[in-house]
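final15.pdb (PDB, C-alpha atoms and all ligand atoms) appears below.
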ATOM      1  CA  MET A   6     -70.719  21.947 102.775
ATOM      2  CA  PRO A   7     -67.380  22.751 104.475
ATOM      3  CA  GLY A   8     -65.430  25.623 102.900
ATOM      4  CA  ARG A   9     -62.324  25.002 100.816
ATOM      5  CA  LEU A  10     -60.185  26.397 103.663
ATOM      6  CA  ALA A  11     -62.098  24.886 106.585
ATOM      7  CA  GLY A  12     -59.793  24.140 109.504
ATOM      8  CA  LYS A  13     -56.981  26.307 108.079
ATOM      9  CA  VAL A  14     -55.433  29.416 109.593
ATOM     10  CA  ALA A  15     -54.323  32.156 107.188
ATOM     11  CA  VAL A  16     -52.235  35.284 107.697
ATOM     12  CA  ILE A  17     -53.025  37.997 105.142
ATOM     13  CA  THR A  18     -50.754  41.037 105.096
ATOM     14  CA  GLY A  19     -52.096  44.232 103.552
ATOM     15  CA  GLY A  20     -55.512  42.801 104.391
ATOM     16  CA  ALA A  21     -57.196  46.165 105.028
ATOM     17  CA  SER A  22     -57.511  47.200 101.375
ATOM     18  CA  GLY A  23     -57.658  46.093  97.758
ATOM     19  CA  ILE A  24     -56.483  42.585  96.898
ATOM     20  CA  GLY A  25     -55.753  41.736 100.550
ATOM     21  CA  LEU A  26     -59.228  42.792 101.685
ATOM     22  CA  ALA A  27     -60.936  40.855  98.871
ATOM     23  CA  SER A  28     -58.904  37.815  99.960
ATOM     24  CA  VAL A  29     -59.900  38.348 103.595
ATOM     25  CA  ARG A  30     -63.555  38.205 102.558
ATOM     26  CA  LEU A  31     -63.124  35.155 100.305
ATOM     27  CA  PHE A  32     -60.886  33.148 102.648
ATOM     28  CA  SER A  33     -63.264  33.897 105.494
ATOM     29  CA  ARG A  34     -66.263  32.677 103.466
ATOM     30  CA  GLU A  35     -64.264  29.525 102.698
ATOM     31  CA  GLY A  36     -63.907  28.789 106.408
ATOM     32  CA  ALA A  37     -60.367  29.939 107.259
ATOM     33  CA  ASP A  38     -59.494  31.527 110.571
ATOM     34  CA  LEU A  39     -57.703  34.770 109.786
ATOM     35  CA  ALA A  40     -55.011  37.086 111.068
ATOM     36  CA  ILE A  41     -55.069  40.399 109.204
ATOM     37  CA  VAL A  42     -51.859  42.442 109.255
ATOM     38  CA  ASP A  43     -51.827  46.044 108.058
ATOM     39  CA  ARG A  44     -50.295  49.339 109.033
ATOM     40  CA  GLU A  45     -53.830  50.755 108.921
ATOM     41  CA  VAL A  46     -55.765  47.816 110.260
ATOM     42  CA  ALA A  47     -58.631  50.064 111.409
ATOM     43  CA  LYS A  48     -59.619  50.304 107.715
ATOM     44  CA  VAL A  49     -60.843  46.683 107.800
ATOM     45  CA  PRO A  50     -64.620  47.113 107.491
ATOM     46  CA  ASP A  51     -66.925  45.516 110.070
ATOM     47  CA  THR A  52     -68.451  43.354 107.332
ATOM     48  CA  ALA A  53     -65.049  41.732 106.756
ATOM     49  CA  ARG A  54     -64.680  40.881 110.417
ATOM     50  CA  GLU A  55     -67.419  38.235 110.406
ATOM     51  CA  GLY A  56     -66.914  34.993 108.530
ATOM     52  CA  ALA A  57     -67.357  31.280 108.827
ATOM     53  CA  GLY A  58     -64.330  30.974 111.121
ATOM     54  CA  LYS A  59     -63.455  32.653 114.412
ATOM     55  CA  ALA A  60     -63.332  36.473 114.574
ATOM     56  CA  PRO A  61     -60.160  37.592 112.782
ATOM     57  CA  LEU A  62     -57.103  38.662 114.716
ATOM     58  CA  LEU A  63     -56.269  42.255 113.728
ATOM     59  CA  LEU A  64     -52.568  43.136 113.879
ATOM     60  CA  GLU A  65     -51.418  46.684 113.251
ATOM     61  CA  GLY A  66     -47.860  47.380 112.165
ATOM     62  CA  ASP A  67     -45.251  47.515 109.446
ATOM     63  CA  VAL A  68     -44.426  44.250 107.641
ATOM     64  CA  GLY A  69     -40.874  45.519 107.161
ATOM     65  CA  ASP A  70     -40.280  45.870 110.909
ATOM     66  CA  GLU A  71     -38.655  42.682 112.202
ATOM     67  CA  ALA A  72     -39.700  43.185 115.819
ATOM     68  CA  ALA A  73     -43.324  43.844 114.812
ATOM     69  CA  VAL A  74     -43.442  40.741 112.578
ATOM     70  CA  GLU A  75     -42.042  38.555 115.368
ATOM     71  CA  ARG A  76     -44.556  40.024 117.836
ATOM     72  CA  HIS A  77     -47.420  39.491 115.402
ATOM     73  CA  ALA A  78     -46.353  35.924 114.581
ATOM     74  CA  ALA A  79     -46.273  35.167 118.318
ATOM     75  CA  ALA A  80     -49.798  36.604 118.638
ATOM     76  CA  VAL A  81     -50.984  34.304 115.815
ATOM     77  CA  ASP A  82     -49.372  31.332 117.610
ATOM     78  CA  GLU A  83     -51.060  32.280 120.850
ATOM     79  CA  ARG A  84     -54.505  32.740 119.288
ATOM     80  CA  PHE A  85     -54.546  29.930 116.699
ATOM     81  CA  GLY A  86     -51.528  27.716 117.490
ATOM     82  CA  GLY A  87     -49.731  28.687 114.255
ATOM     83  CA  PHE A  88     -50.844  29.113 110.632
ATOM     84  CA  ASP A  89     -51.093  27.137 107.400
ATOM     85  CA  ILE A  90     -51.333  29.892 104.780
ATOM     86  CA  LEU A  91     -49.459  33.142 104.231
ATOM     87  CA  LEU A  92     -50.749  35.607 101.643
ATOM     88  CA  ALA A  93     -48.361  38.577 101.560
ATOM     89  CA  CYS A  94     -50.217  41.472  99.908
ATOM     90  CA  ALA A  95     -48.761  44.527 101.681
ATOM     91  CA  GLY A  96     -47.102  46.681  99.062
ATOM     92  CA  TRP A  97     -46.717  50.171  97.626
ATOM     93  CA  SER A  98     -44.839  52.136  95.012
ATOM     94  CA  SER A  99     -43.039  55.479  94.892
ATOM     95  CA  ARG A 100     -43.617  55.611  91.098
ATOM     96  CA  LYS A 101     -40.348  57.223  90.101
ATOM     97  CA  GLY A 102     -37.440  56.473  87.809
ATOM     98  CA  VAL A 103     -33.940  56.017  89.214
ATOM     99  CA  PRO A 104     -32.741  59.658  88.855
ATOM    100  CA  ASP A 105     -35.692  60.968  90.884
ATOM    101  CA  THR A 106     -35.704  58.273  93.566
ATOM    102  CA  THR A 107     -34.283  59.207  96.945
ATOM    103  CA  LEU A 108     -32.501  56.581  99.018
ATOM    104  CA  ALA A 109     -35.306  56.813 101.578
ATOM    105  CA  GLU A 110     -37.914  56.071  98.874
ATOM    106  CA  TRP A 111     -35.837  53.171  97.526
ATOM    107  CA  GLU A 112     -35.440  51.683 100.984
ATOM    108  CA  GLY A 113     -39.076  52.296 101.866
ATOM    109  CA  VAL A 114     -40.396  50.406  98.834
ATOM    110  CA  LEU A 115     -37.890  47.560  99.196
ATOM    111  CA  ASN A 116     -38.596  47.332 102.908
ATOM    112  CA  THR A 117     -42.317  46.792 102.509
ATOM    113  CA  ASN A 118     -42.455  44.812  99.276
ATOM    114  CA  LEU A 119     -39.379  42.609  99.611
ATOM    115  CA  THR A 120     -38.248  42.611 103.247
ATOM    116  CA  GLY A 121     -41.853  42.335 104.432
ATOM    117  CA  SER A 122     -42.303  39.262 102.215
ATOM    118  CA  PHE A 123     -39.045  37.814 103.565
ATOM    119  CA  LEU A 124     -39.844  38.445 107.238
ATOM    120  CA  TRP A 125     -43.358  36.982 107.035
ATOM    121  CA  SER A 126     -42.131  34.029 104.934
ATOM    122  CA  ARG A 127     -39.509  33.276 107.573
ATOM    123  CA  ALA A 128     -42.155  33.268 110.287
ATOM    124  CA  ALA A 129     -44.412  31.140 108.057
ATOM    125  CA  ILE A 130     -41.735  28.518 107.362
ATOM    126  CA  ARG A 131     -41.092  28.188 111.093
ATOM    127  CA  THR A 132     -44.715  27.438 111.923
ATOM    128  CA  MET A 133     -45.414  25.419 108.733
ATOM    129  CA  ARG A 134     -42.466  23.110 109.450
ATOM    130  CA  ALA A 135     -43.959  22.339 112.831
ATOM    131  CA  ARG A 136     -47.374  21.693 111.223
ATOM    132  CA  GLY A 137     -46.006  19.456 108.444
ATOM    133  CA  GLY A 138     -46.601  21.860 105.549
ATOM    134  CA  GLY A 139     -48.373  24.942 104.274
ATOM    135  CA  ALA A 140     -48.827  27.390 101.433
ATOM    136  CA  ILE A 141     -47.005  30.699 100.972
ATOM    137  CA  ILE A 142     -48.288  33.111  98.341
ATOM    138  CA  LEU A 143     -46.356  36.246  97.437
ATOM    139  CA  ILE A 144     -47.562  39.045  95.148
ATOM    140  CA  ALA A 145     -45.354  40.320  92.324
ATOM    141  CA  SER A 146     -46.606  42.469  89.433
ATOM    142  CA  GLN A 147     -46.881  42.240  85.678
ATOM    143  CA  LEU A 148     -44.742  45.392  85.602
ATOM    144  CA  ALA A 149     -41.779  43.448  86.992
ATOM    145  CA  PHE A 150     -41.736  41.485  83.715
ATOM    146  CA  ALA A 151     -42.832  43.973  81.025
ATOM    147  CA  GLY A 152     -44.069  47.458  80.391
ATOM    148  CA  GLY A 153     -43.147  49.263  83.603
ATOM    149  CA  ARG A 154     -41.971  52.845  83.255
ATOM    150  CA  ARG A 155     -40.699  55.288  85.898
ATOM    151  CA  ASN A 156     -41.289  52.805  88.719
ATOM    152  CA  ALA A 157     -37.770  51.566  89.403
ATOM    153  CA  ALA A 158     -37.850  50.608  93.083
ATOM    154  CA  TYR A 159     -41.240  48.911  92.705
ATOM    155  CA  LEU A 160     -40.158  46.865  89.677
ATOM    156  CA  ALA A 161     -36.888  45.873  91.362
ATOM    157  CA  SER A 162     -38.746  44.796  94.493
ATOM    158  CA  LYS A 163     -41.341  42.777  92.583
ATOM    159  CA  GLY A 164     -38.754  40.982  90.431
ATOM    160  CA  ALA A 165     -36.953  40.063  93.639
ATOM    161  CA  VAL A 166     -40.187  38.842  95.225
ATOM    162  CA  ALA A 167     -40.688  36.362  92.367
ATOM    163  CA  SER A 168     -37.087  35.144  92.775
ATOM    164  CA  LEU A 169     -37.499  34.859  96.535
ATOM    165  CA  ALA A 170     -40.603  32.701  96.034
ATOM    166  CA  ARG A 171     -38.817  30.356  93.608
ATOM    167  CA  SER A 172     -35.899  30.022  95.991
ATOM    168  CA  MET A 173     -38.159  29.120  98.922
ATOM    169  CA  ALA A 174     -40.205  26.748  96.733
ATOM    170  CA  VAL A 175     -37.103  24.669  96.016
ATOM    171  CA  ASP A 176     -35.712  24.814  99.552
ATOM    172  CA  HIS A 177     -38.940  23.895 101.327
ATOM    173  CA  ALA A 178     -40.713  21.498  98.956
ATOM    174  CA  PRO A 179     -39.359  18.513 100.937
ATOM    175  CA  GLU A 180     -41.115  19.927 104.017
ATOM    176  CA  GLY A 181     -44.479  20.128 102.268
ATOM    177  CA  ILE A 182     -44.365  23.919 102.034
ATOM    178  CA  ARG A 183     -45.510  25.190  98.634
ATOM    179  CA  VAL A 184     -44.518  28.702  97.583
ATOM    180  CA  ASN A 185     -46.084  30.510  94.636
ATOM    181  CA  THR A 186     -46.297  34.021  93.234
ATOM    182  CA  ILE A 187     -49.320  35.796  91.812
ATOM    183  CA  VAL A 188     -48.611  38.252  89.011
ATOM    184  CA  PRO A 189     -51.551  40.644  88.816
ATOM    185  CA  GLY A 190     -52.208  43.050  85.978
ATOM    186  CA  ALA A 191     -53.746  46.441  86.755
ATOM    187  CA  ILE A 192     -56.356  45.753  89.427
ATOM    188  CA  ARG A 193     -58.968  48.305  90.513
ATOM    189  CA  THR A 194     -57.744  49.087  94.046
ATOM    190  CA  PRO A 195     -56.848  52.260  95.971
ATOM    191  CA  LEU A 196     -53.178  51.697  95.029
ATOM    192  CA  LEU A 197     -53.949  51.709  91.310
ATOM    193  CA  GLU A 198     -56.358  54.636  91.576
ATOM    194  CA  SER A 199     -53.754  56.730  93.405
ATOM    195  CA  GLY A 200     -51.268  55.915  90.634
ATOM    196  CA  PHE A 201     -53.698  57.165  87.993
ATOM    197  CA  ARG A 202     -54.360  60.342  90.004
ATOM    198  CA  ARG A 203     -50.633  61.081  90.142
ATOM    199  CA  ALA A 204     -50.178  60.750  86.368
ATOM    200  CA  GLU A 205     -49.812  63.909  84.289
ATOM    201  CA  ASP A 206     -53.025  63.004  82.466
ATOM    202  CA  PRO A 207     -55.005  60.607  84.711
ATOM    203  CA  ALA A 208     -57.677  59.829  82.084
ATOM    204  CA  ALA A 209     -55.029  58.985  79.485
ATOM    205  CA  ALA A 210     -53.125  56.841  81.992
ATOM    206  CA  ARG A 211     -56.281  54.859  82.771
ATOM    207  CA  ALA A 212     -57.158  54.459  79.077
ATOM    208  CA  TRP A 213     -53.640  53.272  78.257
ATOM    209  CA  SER A 214     -53.770  50.751  81.101
ATOM    210  CA  VAL A 215     -57.136  49.391  79.980
ATOM    211  CA  SER A 216     -55.934  49.113  76.380
ATOM    212  CA  ARG A 217     -52.753  47.287  77.475
ATOM    213  CA  HIS A 218     -54.832  44.276  78.649
ATOM    214  CA  PRO A 219     -56.004  42.020  75.797
ATOM    215  CA  LEU A 220     -59.172  41.397  77.836
ATOM    216  CA  GLY A 221     -59.877  45.118  77.400
ATOM    217  CA  ARG A 222     -60.504  46.094  81.012
ATOM    218  CA  LEU A 223     -58.916  46.409  84.445
ATOM    219  CA  GLY A 224     -58.999  43.479  86.869
ATOM    220  CA  GLU A 225     -61.062  43.284  90.054
ATOM    221  CA  PRO A 226     -59.503  42.478  93.444
ATOM    222  CA  GLU A 227     -61.873  39.505  93.757
ATOM    223  CA  GLU A 228     -60.349  37.959  90.621
ATOM    224  CA  VAL A 229     -56.912  37.966  92.263
ATOM    225  CA  ALA A 230     -58.403  36.626  95.503
ATOM    226  CA  GLN A 231     -59.771  33.626  93.563
ATOM    227  CA  ALA A 232     -56.256  32.845  92.319
ATOM    228  CA  ALA A 233     -54.949  33.153  95.885
ATOM    229  CA  LEU A 234     -57.665  30.759  97.066
ATOM    230  CA  PHE A 235     -56.564  28.195  94.477
ATOM    231  CA  LEU A 236     -52.920  28.497  95.549
ATOM    232  CA  ALA A 237     -53.866  28.359  99.243
ATOM    233  CA  SER A 238     -56.074  25.287  98.943
ATOM    234  CA  GLY A 239     -55.296  21.610  98.350
ATOM    235  CA  GLU A 240     -56.566  22.013  94.791
ATOM    236  CA  SER A 241     -53.089  23.318  93.879
ATOM    237  CA  SER A 242     -51.273  20.468  95.669
ATOM    238  CA  PHE A 243     -48.809  19.890  92.756
ATOM    239  CA  THR A 244     -48.136  23.602  92.165
ATOM    240  CA  THR A 245     -45.050  25.182  93.650
ATOM    241  CA  GLY A 246     -42.486  27.679  92.383
ATOM    242  CA  SER A 247     -45.004  28.984  89.843
ATOM    243  CA  CYS A 248     -45.926  32.493  88.776
ATOM    244  CA  LEU A 249     -49.680  32.611  88.204
ATOM    245  CA  MET A 250     -50.569  35.471  85.850
ATOM    246  CA  VAL A 251     -53.847  37.185  86.712
ATOM    247  CA  ASP A 252     -53.157  39.961  84.267
ATOM    248  CA  GLY A 253     -55.897  39.991  81.647
ATOM    249  CA  GLY A 254     -53.304  38.813  79.123
ATOM    250  CA  TRP A 255     -50.896  41.773  79.668
ATOM    251  CA  LEU A 256     -47.772  39.593  79.541
ATOM    252  CA  ALA A 257     -49.016  37.500  76.631
ATOM    253  CA  GLY A 258     -48.715  40.353  74.200
TER     254      GLY A 258
HETATM  255  N1  LIG B 301     -53.573  47.055  92.163
HETATM  256  C1  LIG B 301     -52.762  46.695  91.182
HETATM  257  O1  LIG B 301     -52.955  47.081  89.998
HETATM  258  C2  LIG B 301     -51.604  45.778  91.446
HETATM  259  C3  LIG B 301     -50.922  45.240  90.341
HETATM  260  C4  LIG B 301     -49.854  44.400  90.561
HETATM  261  C5  LIG B 301     -49.476  44.091  91.858
HETATM  262  N2  LIG B 301     -50.147  44.628  92.907
HETATM  263  C6  LIG B 301     -49.700  44.270  94.244
HETATM  264  O2  LIG B 301     -50.765  43.720  94.982
HETATM  265  C7  LIG B 301     -50.554  43.990  96.385
HETATM  266  C8  LIG B 301     -51.817  44.622  96.963
HETATM  267  O3  LIG B 301     -52.001  45.872  96.320
HETATM  268  P1  LIG B 301     -53.400  46.632  96.277
HETATM  269  O4  LIG B 301     -53.531  47.165  94.926
HETATM  270  O5  LIG B 301     -54.454  45.784  96.868
HETATM  271  O6  LIG B 301     -53.029  47.874  97.239
HETATM  272  P2  LIG B 301     -53.836  48.663  98.378
HETATM  273  O7  LIG B 301     -53.103  49.923  98.574
HETATM  274  O8  LIG B 301     -55.292  48.686  98.066
HETATM  275  O9  LIG B 301     -53.617  47.718  99.641
HETATM  276  C9  LIG B 301     -52.336  47.536 100.202
HETATM  277  C10 LIG B 301     -52.462  47.436 101.718
HETATM  278  O10 LIG B 301     -51.149  47.203 102.238
HETATM  279  C11 LIG B 301     -50.989  47.989 103.398
HETATM  280  N3  LIG B 301     -49.555  48.253 103.571
HETATM  281  C12 LIG B 301     -48.734  48.949 102.724
HETATM  282  N4  LIG B 301     -47.501  48.980 103.230
HETATM  283  C13 LIG B 301     -47.526  48.304 104.404
HETATM  284  C14 LIG B 301     -46.549  47.986 105.389
HETATM  285  N5  LIG B 301     -45.273  48.407 105.271
HETATM  286  N6  LIG B 301     -46.930  47.260 106.461
HETATM  287  C15 LIG B 301     -48.200  46.849 106.603
HETATM  288  N7  LIG B 301     -49.175  47.127 105.708
HETATM  289  C16 LIG B 301     -48.834  47.833 104.625
HETATM  290  C17 LIG B 301     -51.776  49.269 103.122
HETATM  291  O11 LIG B 301     -52.137  49.936 104.326
HETATM  292  C18 LIG B 301     -52.993  48.709 102.371
HETATM  293  O12 LIG B 301     -54.045  48.403 103.273
HETATM  294  C19 LIG B 301     -49.334  44.904  96.464
HETATM  295  O13 LIG B 301     -48.198  44.116  96.768
HETATM  296  C20 LIG B 301     -49.217  45.465  95.072
HETATM  297  O14 LIG B 301     -47.908  45.821  94.751
HETATM  298  C21 LIG B 301     -51.200  45.455  92.737
END

Would you mind writing the structure in this file as structure tokens?
Amino acid sequence: MPGRLAGKVAVITGGASGIGLASVRLFSREGADLAIVDREVAKVPDTAREGAGKAPLLLEGDVGDEAAVERHAAAVDERFGGFDILLACAGWSSRKGVPDTTLAEWEGVLNTNLTGSFLWSRAAIRTMRARGGGAIILIASQLAFAGGRRNAAYLASKGAVASLARSMAVDHAPEGIRVNTIVPGAIRTPLLESGFRRAEDPAAARAWSVSRHPLGRLGEPEEVAQAALFLASGESSFTTGSCLMVDGGWLAG
């Protein structure tokens, strides 16, 4: 049986780890040809480099660097003739409140999380227009909507990402380009684990996070990848401008 993404080309940023890597594996199993963008692309394991489609194109660089994004988008065009799906996962956090945040930290977080989403979305819209449509999926965070402490730049960037997605959804719906945001809860990835390690009491931080989810556990990267697959595939053909919570109920109460 053909995969749910057979014949599609997907760009996944932040595809070397966590949610991006789980999506690389799932999208590949579902038949997509992939371009994986990451500033540490060598971390992509060999097992994630073989799927139903062609061998993935590995692109190393910073999603917040305009010249690198343009170079990478041109490489995707050259290899695959454009792309149909963008999943923008690259992201990080400085985990500080405003008084402790340096301008460099502020700009660094905004540059990856927001500007990186903007730059790759711009490249995606260009190619998707030429192909008659496509799906753009950005990643926000439950913390942008409730319960985020001492994480100012991250929360600001993620709130802006959700607004950016809604804005593009309205502008580009007539061109057949759907734009949606995934709102994960706490997902067991290297990013989350490093956050716990940096807490004053890592065990207490983990326990609080678990207890904050009505489902009573942390999420798995594969559970977010399944949501991304839905938003990337034709099964979500009437869904645009939405925020899909994959947060174990965090925002519900
Ligand atoms: N894990 C969570 O609990 C959680 C919760 C809510 C939202 N998110 C969001 O999900 C996305 C994926 O996070 P994750 O937990 O899988 O993190 P992760 O650290 O496991 O993976 C992120 C990947 O992005 C890459 N990256 C970071 N900055 C980059 C840049 N400037 N250019 C290119 N690549 C870059 C990293 O090298 C890494 O491979 C992020 O946007 C994050 O904010 C995660």

Padding 6 Å on each side, edges along x, y and z: where is the centre of the box around the listed atoms of ligand LIG 301 (chain B), and how long are its edges in Å to one decimal? Output it as AutoDock Vina command-line options.
--center_x -50.3 --center_y 46.8 --center_z 98.3 --size_x 22.0 --size_y 18.2 --size_z 28.6

- Evaluate the PyMOL selection byres (((chain A and resi 7) around 10) and not hetatm) and record the selected residues as a PyMOL selection string, following the chain and residue labels used in the document. chain A and resi 6+8-12+35-36+57

- Task: For Leu92 (chain A), list every protein, DNA or RNA residue within 12 Å, evaluated using all atoms listed in the file, and leave out those in the same chain fewer than 3 positions away; present the list as number ranges by chain.
- Result: A: 14-20, 24-29, 32, 39-42, 88-89, 95-96, 121-122, 125-126, 129, 139-145, 170, 184-187, 229-230, 232-238

- Would you kindly return, as a VMD selection string, each protein, DNA or RNA residue with an atom no farther than 10 Å from any atom of region 152-163 of chain A, considering only C-alpha atoms and excluding same-chain residues fewer than 4 positions away? chain A and resid 96 to 106 108 110 to 120 143 to 148 167 to 169 188 217 255 to 256

- Using the chain letters and numbering of this document, enumerate as a list in words the residues selected by the PyMOL selection byres (((chain A and resi 46) around 7) and not hetatm).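 Applying the expression gives Ala21, Val42, Asp43, Arg44, Glu45, Ala47, Lys48, Val49, Leu63, Leu64 and Glu65 of chain A.
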
Just C-alpha atoms for this one: save the residues we selected as a PDB file, keeping the file's coordinate frame.
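File result.pdb, as written:
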ATOM      1  CA  ALA A  21     -57.196  46.165 105.028  1.00  0.00           C
ATOM      2  CA  VAL A  42     -51.859  42.442 109.255  1.00  0.00           C
ATOM      3  CA  ASP A  43     -51.827  46.044 108.058  1.00  0.00           C
ATOM      4  CA  ARG A  44     -50.295  49.339 109.033  1.00  0.00           C
ATOM      5  CA  GLU A  45     -53.830  50.755 108.921  1.00  0.00           C
ATOM      6  CA  ALA A  47     -58.631  50.064 111.409  1.00  0.00           C
ATOM      7  CA  LYS A  48     -59.619  50.304 107.715  1.00  0.00           C
ATOM      8  CA  VAL A  49     -60.843  46.683 107.800  1.00  0.00           C
ATOM      9  CA  LEU A  63     -56.269  42.255 113.728  1.00  0.00           C
ATOM     10  CA  LEU A  64     -52.568  43.136 113.879  1.00  0.00           C
ATOM     11  CA  GLU A  65     -51.418  46.684 113.251  1.00  0.00           C
TER      12      GLU A  65
END

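Counting all atoms listed in the file, the residue from A:Glu205, A:Glu227, A:Glu75, A:Asp51 that sits nearest to ligand LIG 301 (chain B) is A:Glu227.
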
- Evaluate the PyMOL selection byres (((chain A and resi 210-212) around 10) and not hetatm) and record the selected residues as a ChimeraX atom specification, following the chain and residue labels used in the document. /A:191,197-198,200-209,213-217,221-223

- Item | Pro179 (chain A) surroundings by only C-alpha atoms, 12 Å radius, close-in-sequence under 4 positions cut, as a VMD selection string | chain A and resid 134 137 to 139 173 to 175 183 to 184 245

- Of the candidates A:Asp70, A:Asp176, A:Glu228, A:Glu83, which one gets nearest to ligand LIG 301 (chain B) if we count only C-alpha atoms and all ligand atoms?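 Smallest distance to ligand LIG 301 (chain B) is found for A:Asp70.
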
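Minimum atom-to-atom distance to ligand LIG 301 (chain B), evaluated using all atoms listed in the file, belongs to A:Val251 out of A:Ile182, A:Val251, A:Ala53, A:Val81.
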
- Record the distance separating CA of Leu196 (chain A) and CA of Ala149 (chain A), expressed in Å with one decimal. 16.2 Å

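Here CA of Arg84 (chain A) and CA of Thr52 (chain A) stand 21.2 Å from one another.
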
- Task: Go through A:Ala37, A:Ala128, A:Val74, A:Ala80 one by one, measure the shortest atom-to-atom distance of each to ligand LIG 301 (chain B) using all atoms listed in the file, and give the residue with the smallest value.
- Result: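 The closest residue to ligand LIG 301 (chain B) is A:Val74.
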
- Message: Report as a ChimeraX atom specification all protein, DNA and RNA residues lying within 10 Å of Ala135 (chain A), evaluated on all atoms listed in the file, omitting residues in the same chain fewer than 5 positions from it.
- Response: /A:87-88,130,180

- Query: Restricting the calculation to all atoms listed in the file, which member of A:Leu124, A:Ile192, A:Leu31, A:Ala78 is positioned closest to ligand LIG 301 (chain B)?
  - Reply: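 Of A:Leu124, A:Ile192, A:Leu31, A:Ala78, the one nearest ligand LIG 301 (chain B) is A:Ile192, counting all atoms listed in the file.
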
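Among A:Ala109, A:Leu249, A:Val68, A:Ala151, the residue with the shortest atom-to-atom distance to ligand LIG 301 (chain B), counting only C-alpha atoms and all ligand atoms, is A:Val68.
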
- Write out as a list of chain:residue names the residues lying within 7 Å of Leu220 (chain A), counting only C-alpha atoms and excluding same-chain residues fewer than 2 positions away.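 After dropping sequence-adjacent residues, the list is A:His218, A:Arg222, A:Gly253, A:Gly254.
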
- Query: Can you tell me how far CA of Ala60 (chain A) sits from atom C1 of ligand LIG 301 (chain B), in Å to one decimal?
  - Reply: 27.6 Å
